[in-house]
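Peer 1: Structure provided below as structure tokens; questions to follow.
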Amino acid sequence: MNKALDALLDLLDLEQIEEDIFRGVSRSAIVPRVFGGQVAAQALVAAGRTVPGERLAHSLHAYFLRAGDPGAPIVYTVDRIRDGRSFTTRRVVAVQHGQPIFHLSASFQTYEEGLEHQADMPPAPAPETLPTAAQMLPRYADHFLDPGVVDRMLEARAAVDLRYVDAPPYGSVGEPREPRSQVWFRTNGKLADDPLLHVCLATYVSDMTLLDSVLLAHGRGGWATGDVVGASLDHAMWFHRPFRADEWLLYDQESPSASGGRGLGQARIYTQDGRLAISVIQEGVVRVPR
């Protein structure tokens, strides 16, 4: 396991300071605010630690309320909304400086057999044939307002091997494309077998690229090129089937709509052998600077 993944796992290992109250810290991010995937993953950790181990996360719904301060701890308070025979529901509020910055509702279920069908996995090249971030990002250094962004991106994503199937938004500025994007990802090292850990790692990564497809539709490069400003507004995930975040997962993303200064991204995450593991939807602020 590499040091970056160790550091990320430490980040998700929240300190319990009271019953149903946990405290987390933040890592340096590419921009001067807490990365949304981090606070979502930490909130899910907090919820999961109040749920019996045999009940697995099957959905989460979250709102990003305020930009988080990466220099201050985040306190997560868990409300035990319901403990039923099959389902458990938790609500988590993340607080900094006395104000809520994030709200999450998560549901957990005891495993049971049921009807089975799924959407087919779309075609995609094998991940091993695609360039790594370290190989790809330096190609676009002159596209960024600050060339130092490349190093910050590589540092922020060092725990995860994330590979674009096609050029990312900042690689095709000024050239509108189909609002669709694919990336393969897995952690840079093996993980323990705890299902909650794999779900939390997938939650962490899910916020990295989901709004790319919004930018592609308009030929925009993103915040690093200075042609849009944005932030996540809300995020929802459904966990359909078991998966491992340390094995390749295909993140197939598209944007059906952008309007009113907001863009919508929706996605499906598949295992390499074609099982639909997760569905994701996110809306974010996407504004053109004046």
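In the structure tokens, the first chain shown is A, the next is B, and so on; residue numbers restart at 1 for each chain, and ligands run from 1 in the order shown.
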Hey, what does DSSP flag as helix (DSSP H, G or I) within stretch 4-221 of chain A? Can you give it to me as a ChimeraX atom specification?

Peer 2: /A:4-12,36-48,127-129,133-143,149-156,169-171,195-209,212-217

Peer 1: Just the residues within 9 Å of A:Gly274, please, counting only C-alpha atoms, with nothing from its chain fewer than 5 positions along; format it as a VMD selection string.

Peer 2: chain A and resid 120 to 122 250

Peer 1: Okay, now the selection with N, CA, C and O atoms, as an mmCIF file, in the first residue's frame?

Peer 2:
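See again08.cif below for the written result:
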```
data_model
loop_
_atom_site.group_PDB
_atom_site.id
_atom_site.type_symbol
_atom_site.label_atom_id
_atom_site.label_comp_id
_atom_site.auth_asym_id
_atom_site.auth_seq_id
_atom_site.Cartn_x
_atom_site.Cartn_y
_atom_site.Cartn_z
ATOM 1 N N ASP A 120 -26.729 -2.982 -19.369
ATOM 2 C CA ASP A 120 -25.469 -3.543 -19.837
ATOM 3 C C ASP A 120 -24.332 -2.540 -19.678
ATOM 4 O O ASP A 120 -24.526 -1.326 -19.823
ATOM 5 N N MET A 121 -23.158 -3.060 -19.422
ATOM 6 C CA MET A 121 -21.970 -2.227 -19.347
ATOM 7 C C MET A 121 -21.620 -1.706 -20.742
ATOM 8 O O MET A 121 -21.613 -2.472 -21.710
ATOM 9 N N PRO A 122 -21.347 -0.395 -20.896
ATOM 10 C CA PRO A 122 -20.986 0.136 -22.214
ATOM 11 C C PRO A 122 -19.571 -0.284 -22.596
ATOM 12 O O PRO A 122 -18.763 -0.659 -21.735
ATOM 13 N N LEU A 250 -15.365 0.942 -13.770
ATOM 14 C CA LEU A 250 -15.609 1.870 -14.872
ATOM 15 C C LEU A 250 -16.678 2.869 -14.453
ATOM 16 O O LEU A 250 -17.806 2.491 -14.129
#
```

Peer 1: What's around A:Ser257 at 10 Å? Count only C-alpha atoms, leave out sequence neighbours fewer than 2 positions away in its own chain, and write the answer as a PyMOL selection string.

Peer 2: chain A and resi 179+213-214+217+254-255+259+262-266+283

Peer 1: Please provide the set of residues having any atom within 9 Å of stretch 148-164 of chain A, restricted to only C-alpha atoms, with same-chain residues fewer than 6 positions apart removed, written as a PyMOL selection string.

Peer 2: chain A and resi 2-8+27-31+127-128+130-134+136-138+140-141+181-189+205+224+246

Peer 1: Write a file of the just-selected residues containing N, CA, C and O atoms, as a short mmCIF file (atom, residue, chain, number, x, y, z; two decimals), in the first residue's frame.

Peer 2:
```cif
data_model
loop_
_atom_site.label_atom_id
_atom_site.label_comp_id
_atom_site.auth_asym_id
_atom_site.auth_seq_id
_atom_site.Cartn_x
_atom_site.Cartn_y
_atom_site.Cartn_z
N ASN A 2 0.56 2.24 -0.86
CA ASN A 2 1.40 3.43 -0.90
C ASN A 2 1.04 4.40 0.22
O ASN A 2 0.00 4.31 0.86
N LYS A 3 1.94 5.36 0.44
CA LYS A 3 1.77 6.29 1.56
C LYS A 3 0.51 7.15 1.39
O LYS A 3 -0.15 7.49 2.37
N ALA A 4 0.20 7.53 0.14
CA ALA A 4 -0.98 8.36 -0.09
C ALA A 4 -2.26 7.62 0.29
O ALA A 4 -3.17 8.20 0.88
N LEU A 5 -2.32 6.32 -0.03
CA LEU A 5 -3.51 5.55 0.34
C LEU A 5 -3.56 5.37 1.85
O LEU A 5 -4.65 5.45 2.45
N ASP A 6 -2.43 5.14 2.48
CA ASP A 6 -2.40 5.08 3.95
C ASP A 6 -2.96 6.36 4.55
O ASP A 6 -3.74 6.33 5.51
N ALA A 7 -2.55 7.49 4.00
CA ALA A 7 -3.01 8.78 4.52
C ALA A 7 -4.51 8.95 4.32
O ALA A 7 -5.21 9.48 5.19
N LEU A 8 -5.02 8.49 3.18
CA LEU A 8 -6.45 8.58 2.93
C LEU A 8 -7.24 7.70 3.89
O LEU A 8 -8.28 8.10 4.43
N ARG A 27 -7.46 16.77 4.38
CA ARG A 27 -6.17 16.75 3.70
C ARG A 27 -6.10 17.94 2.76
O ARG A 27 -7.12 18.56 2.44
N SER A 28 -4.91 18.27 2.33
CA SER A 28 -4.75 19.37 1.38
C SER A 28 -5.50 19.02 0.10
O SER A 28 -5.49 17.89 -0.38
N ALA A 29 -6.20 20.00 -0.46
CA ALA A 29 -6.98 19.80 -1.67
C ALA A 29 -6.41 20.65 -2.79
O ALA A 29 -5.53 21.49 -2.59
N ILE A 30 -6.93 20.43 -4.00
CA ILE A 30 -6.45 21.18 -5.16
C ILE A 30 -6.87 22.64 -5.04
O ILE A 30 -6.15 23.55 -5.46
N VAL A 31 -8.04 22.88 -4.47
CA VAL A 31 -8.54 24.23 -4.25
C VAL A 31 -8.64 24.46 -2.74
O VAL A 31 -8.68 23.51 -1.96
N PRO A 127 -8.41 -0.73 -18.88
CA PRO A 127 -7.72 0.34 -18.14
C PRO A 127 -6.21 0.31 -18.30
O PRO A 127 -5.56 1.36 -18.31
N GLU A 128 -5.66 -0.88 -18.44
CA GLU A 128 -4.20 -1.00 -18.55
C GLU A 128 -3.66 -0.35 -19.83
O GLU A 128 -2.46 -0.07 -19.93
N LEU A 130 -4.62 2.59 -20.95
CA LEU A 130 -4.79 4.03 -20.86
C LEU A 130 -3.67 4.68 -20.05
O LEU A 130 -3.10 4.05 -19.17
N PRO A 131 -3.37 5.95 -20.33
CA PRO A 131 -2.29 6.61 -19.59
C PRO A 131 -2.67 6.87 -18.14
O PRO A 131 -3.83 7.14 -17.82
N THR A 132 -1.70 6.80 -17.25
CA THR A 132 -1.90 7.16 -15.86
C THR A 132 -1.98 8.67 -15.73
O THR A 132 -1.65 9.41 -16.66
N ALA A 133 -2.40 9.14 -14.57
CA ALA A 133 -2.45 10.59 -14.33
C ALA A 133 -1.06 11.21 -14.47
O ALA A 133 -0.92 12.31 -15.02
N ALA A 134 -0.04 10.53 -14.00
CA ALA A 134 1.32 11.05 -14.08
C ALA A 134 1.78 11.17 -15.52
O ALA A 134 2.59 12.06 -15.85
N MET A 136 -0.49 11.60 -18.12
CA MET A 136 -1.42 12.45 -18.85
C MET A 136 -1.34 13.92 -18.46
O MET A 136 -1.28 14.82 -19.31
N LEU A 137 -1.37 14.22 -17.16
CA LEU A 137 -1.54 15.59 -16.70
C LEU A 137 -0.46 16.55 -17.21
O LEU A 137 -0.78 17.69 -17.60
N PRO A 138 0.82 16.17 -17.22
CA PRO A 138 1.83 17.13 -17.70
C PRO A 138 1.61 17.59 -19.14
O PRO A 138 2.05 18.69 -19.51
N TYR A 140 -0.99 18.75 -20.31
CA TYR A 140 -1.93 19.87 -20.32
C TYR A 140 -1.49 21.01 -19.41
O TYR A 140 -2.27 21.92 -19.15
N ALA A 141 -0.25 21.01 -18.98
CA ALA A 141 0.21 22.03 -18.02
C ALA A 141 0.02 23.44 -18.57
O ALA A 141 -0.32 24.37 -17.83
N SER A 181 -18.48 11.08 -20.46
CA SER A 181 -17.09 10.88 -20.06
C SER A 181 -16.98 9.53 -19.37
O SER A 181 -17.89 9.10 -18.67
N GLN A 182 -15.84 8.87 -19.58
CA GLN A 182 -15.56 7.61 -18.90
C GLN A 182 -14.19 7.66 -18.25
O GLN A 182 -13.23 8.16 -18.84
N VAL A 183 -14.12 7.15 -17.04
CA VAL A 183 -12.83 6.95 -16.38
C VAL A 183 -12.84 5.57 -15.71
O VAL A 183 -13.90 5.08 -15.30
N TRP A 184 -11.69 4.96 -15.67
CA TRP A 184 -11.48 3.78 -14.83
C TRP A 184 -10.80 4.23 -13.55
O TRP A 184 -9.95 5.15 -13.57
N PHE A 185 -11.14 3.60 -12.42
CA PHE A 185 -10.42 3.94 -11.19
C PHE A 185 -10.32 2.72 -10.27
O PHE A 185 -11.13 1.80 -10.33
N ARG A 186 -9.31 2.77 -9.42
CA ARG A 186 -9.14 1.83 -8.31
C ARG A 186 -8.15 2.46 -7.34
O ARG A 186 -7.40 3.36 -7.71
N THR A 187 -8.15 2.02 -6.11
CA THR A 187 -7.17 2.53 -5.16
C THR A 187 -5.78 2.02 -5.50
O THR A 187 -5.62 0.95 -6.09
N ASN A 188 -4.78 2.80 -5.14
CA ASN A 188 -3.39 2.43 -5.40
C ASN A 188 -2.87 1.52 -4.29
O ASN A 188 -1.94 1.86 -3.55
N GLY A 189 -3.49 0.38 -4.14
CA GLY A 189 -3.10 -0.59 -3.11
C GLY A 189 -4.30 -1.39 -2.66
O GLY A 189 -5.46 -0.99 -2.86
N VAL A 205 -14.23 8.90 -4.44
CA VAL A 205 -13.82 9.09 -5.84
C VAL A 205 -14.97 9.64 -6.69
O VAL A 205 -14.74 10.38 -7.65
N ALA A 224 -9.65 25.02 -13.37
CA ALA A 224 -8.20 25.18 -13.50
C ALA A 224 -7.82 25.98 -14.74
O ALA A 224 -6.72 26.53 -14.81
N ASP A 246 -10.56 -1.54 -4.64
CA ASP A 246 -9.17 -1.77 -5.02
C ASP A 246 -9.05 -2.60 -6.29
O ASP A 246 -7.96 -3.06 -6.64
#
```

Peer 1: Atom CA of A:Ile101 to atom CA of A:Ile278: how many Å, to one decimal?

Peer 2: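 For atom CA of A:Ile101 relative to atom CA of A:Ile278, the distance reads 25.2 Å.
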
Peer 1: Provide the atom CA of A:Gln253 to atom CA of A:Leu145 distance in Å, to one decimal place.

Peer 2: 26.1 Å

Peer 1: Which residues are close to A:Glu112, i.e. within 12 Å by only C-alpha atoms, leaving aside same-chain residues fewer than 3 positions away? Reply as a list in words.

Peer 2: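 Neighbouring residues, sequence-local ones excluded: Glu54, Arg55, Leu56, Arg85, Ser86, Phe87, Gln109, Leu115, Glu116 and Arg241 of chain A.
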
Peer 1: Would you put the residues from that selection into a file with all heavy atoms, as a PDB file, in the first residue's frame?

Peer 2:
```
ATOM      1  N   GLU A  54     -23.650  -6.363   9.672  1.00  0.00           N
ATOM      2  CA  GLU A  54     -24.273  -7.170   8.621  1.00  0.00           C
ATOM      3  C   GLU A  54     -25.218  -6.350   7.745  1.00  0.00           C
ATOM      4  O   GLU A  54     -25.729  -6.849   6.731  1.00  0.00           O
ATOM      5  CB  GLU A  54     -25.039  -8.343   9.231  1.00  0.00           C
ATOM      6  CG  GLU A  54     -26.281  -7.987  10.024  1.00  0.00           C
ATOM      7  CD  GLU A  54     -25.990  -7.635  11.482  1.00  0.00           C
ATOM      8  OE1 GLU A  54     -24.802  -7.499  11.833  1.00  0.00           O
ATOM      9  OE2 GLU A  54     -26.966  -7.516  12.265  1.00  0.00           O
ATOM     10  N   ARG A  55     -25.462  -5.093   8.110  1.00  0.00           N
ATOM     11  CA  ARG A  55     -26.312  -4.228   7.295  1.00  0.00           C
ATOM     12  C   ARG A  55     -25.415  -3.362   6.417  1.00  0.00           C
ATOM     13  O   ARG A  55     -24.584  -2.604   6.920  1.00  0.00           O
ATOM     14  CB  ARG A  55     -27.225  -3.375   8.171  1.00  0.00           C
ATOM     15  CG  ARG A  55     -28.178  -4.232   8.984  1.00  0.00           C
ATOM     16  CD  ARG A  55     -29.402  -3.517   9.447  1.00  0.00           C
ATOM     17  NE  ARG A  55     -30.343  -4.471  10.032  1.00  0.00           N
ATOM     18  CZ  ARG A  55     -31.596  -4.204  10.337  1.00  0.00           C
ATOM     19  NH1 ARG A  55     -32.092  -3.000  10.098  1.00  0.00           N
ATOM     20  NH2 ARG A  55     -32.379  -5.132  10.865  1.00  0.00           N
ATOM     21  N   LEU A  56     -25.593  -3.473   5.112  1.00  0.00           N
ATOM     22  CA  LEU A  56     -24.708  -2.831   4.154  1.00  0.00           C
ATOM     23  C   LEU A  56     -25.354  -1.564   3.603  1.00  0.00           C
ATOM     24  O   LEU A  56     -26.569  -1.507   3.388  1.00  0.00           O
ATOM     25  CB  LEU A  56     -24.390  -3.791   3.007  1.00  0.00           C
ATOM     26  CG  LEU A  56     -23.828  -5.152   3.424  1.00  0.00           C
ATOM     27  CD1 LEU A  56     -23.598  -6.025   2.192  1.00  0.00           C
ATOM     28  CD2 LEU A  56     -22.539  -4.987   4.228  1.00  0.00           C
ATOM     29  N   ARG A  85     -36.577  -3.991  10.762  1.00  0.00           N
ATOM     30  CA  ARG A  85     -36.190  -5.397  10.664  1.00  0.00           C
ATOM     31  C   ARG A  85     -35.217  -5.638   9.520  1.00  0.00           C
ATOM     32  O   ARG A  85     -34.357  -6.510   9.605  1.00  0.00           O
ATOM     33  CB  ARG A  85     -37.441  -6.268  10.499  1.00  0.00           C
ATOM     34  CG  ARG A  85     -38.271  -6.394  11.768  1.00  0.00           C
ATOM     35  CD  ARG A  85     -39.397  -7.385  11.599  1.00  0.00           C
ATOM     36  NE  ARG A  85     -40.364  -6.928  10.576  1.00  0.00           N
ATOM     37  CZ  ARG A  85     -41.428  -7.634  10.204  1.00  0.00           C
ATOM     38  NH1 ARG A  85     -41.644  -8.840  10.730  1.00  0.00           N
ATOM     39  NH2 ARG A  85     -42.261  -7.159   9.294  1.00  0.00           N
ATOM     40  N   SER A  86     -35.345  -4.864   8.443  1.00  0.00           N
ATOM     41  CA  SER A  86     -34.472  -5.040   7.280  1.00  0.00           C
ATOM     42  C   SER A  86     -33.615  -3.821   6.989  1.00  0.00           C
ATOM     43  O   SER A  86     -32.507  -3.946   6.465  1.00  0.00           O
ATOM     44  CB  SER A  86     -35.305  -5.363   6.030  1.00  0.00           C
ATOM     45  OG  SER A  86     -36.042  -6.548   6.195  1.00  0.00           O
ATOM     46  N   PHE A  87     -34.124  -2.637   7.301  1.00  0.00           N
ATOM     47  CA  PHE A  87     -33.448  -1.399   6.914  1.00  0.00           C
ATOM     48  C   PHE A  87     -33.102  -0.551   8.137  1.00  0.00           C
ATOM     49  O   PHE A  87     -33.852  -0.521   9.125  1.00  0.00           O
ATOM     50  CB  PHE A  87     -34.338  -0.575   5.971  1.00  0.00           C
ATOM     51  CG  PHE A  87     -34.518  -1.198   4.615  1.00  0.00           C
ATOM     52  CD1 PHE A  87     -35.563  -2.075   4.375  1.00  0.00           C
ATOM     53  CD2 PHE A  87     -33.650  -0.901   3.583  1.00  0.00           C
ATOM     54  CE1 PHE A  87     -35.746  -2.654   3.136  1.00  0.00           C
ATOM     55  CE2 PHE A  87     -33.816  -1.476   2.328  1.00  0.00           C
ATOM     56  CZ  PHE A  87     -34.861  -2.348   2.099  1.00  0.00           C
ATOM     57  N   GLN A 109     -29.092  -1.976   4.625  1.00  0.00           N
ATOM     58  CA  GLN A 109     -30.028  -3.087   4.510  1.00  0.00           C
ATOM     59  C   GLN A 109     -29.339  -4.412   4.806  1.00  0.00           C
ATOM     60  O   GLN A 109     -28.178  -4.621   4.425  1.00  0.00           O
ATOM     61  CB  GLN A 109     -30.618  -3.147   3.092  1.00  0.00           C
ATOM     62  CG  GLN A 109     -31.626  -4.273   2.867  1.00  0.00           C
ATOM     63  CD  GLN A 109     -32.008  -4.442   1.407  1.00  0.00           C
ATOM     64  OE1 GLN A 109     -31.348  -3.902   0.528  1.00  0.00           O
ATOM     65  NE2 GLN A 109     -33.070  -5.179   1.150  1.00  0.00           N
ATOM     66  N   LEU A 115     -35.312 -10.078  -7.121  1.00  0.00           N
ATOM     67  CA  LEU A 115     -35.290 -10.023  -8.579  1.00  0.00           C
ATOM     68  C   LEU A 115     -33.971  -9.425  -9.050  1.00  0.00           C
ATOM     69  O   LEU A 115     -33.378  -8.590  -8.364  1.00  0.00           O
ATOM     70  CB  LEU A 115     -36.459  -9.187  -9.094  1.00  0.00           C
ATOM     71  CG  LEU A 115     -37.860  -9.654  -8.693  1.00  0.00           C
ATOM     72  CD1 LEU A 115     -38.898  -8.660  -9.187  1.00  0.00           C
ATOM     73  CD2 LEU A 115     -38.139 -11.049  -9.250  1.00  0.00           C
ATOM     74  N   GLU A 116     -33.519  -9.836 -10.224  1.00  0.00           N
ATOM     75  CA  GLU A 116     -32.234  -9.376 -10.744  1.00  0.00           C
ATOM     76  C   GLU A 116     -32.346  -8.942 -12.202  1.00  0.00           C
ATOM     77  O   GLU A 116     -32.839  -9.693 -13.046  1.00  0.00           O
ATOM     78  CB  GLU A 116     -31.186 -10.496 -10.654  1.00  0.00           C
ATOM     79  CG  GLU A 116     -30.542 -10.659  -9.290  1.00  0.00           C
ATOM     80  CD  GLU A 116     -29.393  -9.695  -9.044  1.00  0.00           C
ATOM     81  OE1 GLU A 116     -28.899  -9.093 -10.017  1.00  0.00           O
ATOM     82  OE2 GLU A 116     -29.008  -9.538  -7.876  1.00  0.00           O
ATOM     83  N   ARG A 241     -24.702  -3.760  -5.990  1.00  0.00           N
ATOM     84  CA  ARG A 241     -24.065  -5.074  -5.885  1.00  0.00           C
ATOM     85  C   ARG A 241     -22.700  -4.931  -5.233  1.00  0.00           C
ATOM     86  O   ARG A 241     -22.089  -3.865  -5.298  1.00  0.00           O
ATOM     87  CB  ARG A 241     -23.921  -5.709  -7.278  1.00  0.00           C
ATOM     88  CG  ARG A 241     -25.260  -6.055  -7.921  1.00  0.00           C
ATOM     89  CD  ARG A 241     -25.095  -6.484  -9.387  1.00  0.00           C
ATOM     90  NE  ARG A 241     -26.417  -6.815  -9.951  1.00  0.00           N
ATOM     91  CZ  ARG A 241     -27.260  -5.908 -10.433  1.00  0.00           C
ATOM     92  NH1 ARG A 241     -26.933  -4.629 -10.446  1.00  0.00           N
ATOM     93  NH2 ARG A 241     -28.436  -6.296 -10.908  1.00  0.00           N
TER      94      ARG A 241
END
```

Peer 1: So which one's closest to A:Cys200, A:Glu175, A:Phe22, A:His143, A:Arg244? Using only C-alpha atoms, please.

Peer 2: A:Arg244

Peer 1: Hey, which of A:Val25, A:Ile281, A:Val93, A:Val199 ends up closest to A:Pro242? Count only C-alpha atoms.

Peer 2: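 Under the stated criterion, the closest residue is A:Val199.
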
Peer 1: Residues at most 7 Å from stretch 284-287 of chain A, counting only C-alpha atoms, excluding those fewer than 4 positions away in the same chain, as a PyMOL selection string?

Peer 2: chain A and resi 228-234+261-264

Peer 1: Within stretch 131-289 of chain A, find each residue whose DSSP state, derived from the backbone, is strand (DSSP E), and express the selection as number ranges by chain.

Peer 2: A: 160-164, 180-187, 229-239, 249-259, 262-271, 276-287

Peer 1: Here is a test: counting only C-alpha atoms, which residue of A:Val34, A:Ala43, A:Ala119, A:Ala267 is nearest to A:Ala67?

Peer 2: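 Ranking A:Val34, A:Ala43, A:Ala119, A:Ala267 by distance to A:Ala67, first place goes to A:Val34.
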
Peer 1: As an exercise, work out the distance from atom CA of A:Val39 to atom CA of A:Asp69 in Å and give it to one decimal place.

Peer 2: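 The value is 11.0 Å.
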
Peer 1: Pick from A:Gly53, A:Gly84, A:Pro147, A:Pro32: nearest to A:Pro70, with only C-alpha atoms counted?

Peer 2: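 Ranking A:Gly53, A:Gly84, A:Pro147, A:Pro32 by distance to A:Pro70, first place goes to A:Pro32.
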
Peer 1: Give the answer as one residue: which of A:Gln42, A:Ser279, A:Ser105, A:Ser206 has the shortest atom-to-atom distance to A:Tyr76, using only C-alpha atoms?

Peer 2: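 Looking only at the distances to A:Tyr76, the closest residue turns out to be A:Gln42.
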
Peer 1: Name all residues at most 10 Å from A:Gly226 (count only C-alpha atoms; drop same-chain ones fewer than 5 positions away) and give them as a PyMOL selection string.

Peer 2: chain A and resi 143-146+220-221+288-289

Peer 1: Could the residues in this selection be written to a file with N, CA, C and O atoms, as a PDB file, in the first residue's frame?

Peer 2:
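The file below, result_25.pdb, is the result:
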```pdb
ATOM      1  N   HIS A 143      -2.307  24.489 -20.364  1.00  0.00           N
ATOM      2  CA  HIS A 143      -3.722  24.849 -20.452  1.00  0.00           C
ATOM      3  C   HIS A 143      -4.207  25.493 -19.156  1.00  0.00           C
ATOM      4  O   HIS A 143      -5.277  26.104 -19.149  1.00  0.00           O
ATOM      5  N   PHE A 144      -3.451  25.335 -18.078  1.00  0.00           N
ATOM      6  CA  PHE A 144      -3.903  25.795 -16.771  1.00  0.00           C
ATOM      7  C   PHE A 144      -3.405  27.210 -16.485  1.00  0.00           C
ATOM      8  O   PHE A 144      -2.319  27.604 -16.923  1.00  0.00           O
ATOM      9  N   LEU A 145      -4.205  27.955 -15.719  1.00  0.00           N
ATOM     10  CA  LEU A 145      -3.790  29.298 -15.314  1.00  0.00           C
ATOM     11  C   LEU A 145      -2.532  29.244 -14.464  1.00  0.00           C
ATOM     12  O   LEU A 145      -1.663  30.115 -14.562  1.00  0.00           O
ATOM     13  N   ASP A 146      -2.427  28.218 -13.634  1.00  0.00           N
ATOM     14  CA  ASP A 146      -1.272  28.026 -12.753  1.00  0.00           C
ATOM     15  C   ASP A 146      -0.657  26.672 -13.072  1.00  0.00           C
ATOM     16  O   ASP A 146      -1.265  25.635 -12.806  1.00  0.00           O
ATOM     17  N   ARG A 220     -15.845  23.661 -22.264  1.00  0.00           N
ATOM     18  CA  ARG A 220     -15.234  24.374 -21.133  1.00  0.00           C
ATOM     19  C   ARG A 220     -14.195  23.477 -20.466  1.00  0.00           C
ATOM     20  O   ARG A 220     -14.389  22.263 -20.335  1.00  0.00           O
ATOM     21  N   GLY A 221     -13.123  24.084 -19.993  1.00  0.00           N
ATOM     22  CA  GLY A 221     -12.030  23.307 -19.411  1.00  0.00           C
ATOM     23  C   GLY A 221     -12.143  23.091 -17.922  1.00  0.00           C
ATOM     24  O   GLY A 221     -11.523  22.187 -17.373  1.00  0.00           O
ATOM     25  N   VAL A 288     -20.296  30.633 -15.700  1.00  0.00           N
ATOM     26  CA  VAL A 288     -19.276  31.247 -16.542  1.00  0.00           C
ATOM     27  C   VAL A 288     -18.882  32.570 -15.890  1.00  0.00           C
ATOM     28  O   VAL A 288     -19.744  33.404 -15.597  1.00  0.00           O
ATOM     29  N   PRO A 289     -17.583  32.770 -15.615  1.00  0.00           N
ATOM     30  CA  PRO A 289     -17.163  34.021 -14.954  1.00  0.00           C
ATOM     31  C   PRO A 289     -17.537  35.250 -15.791  1.00  0.00           C
ATOM     32  O   PRO A 289     -17.483  35.216 -17.020  1.00  0.00           O
TER      33      PRO A 289
END
```
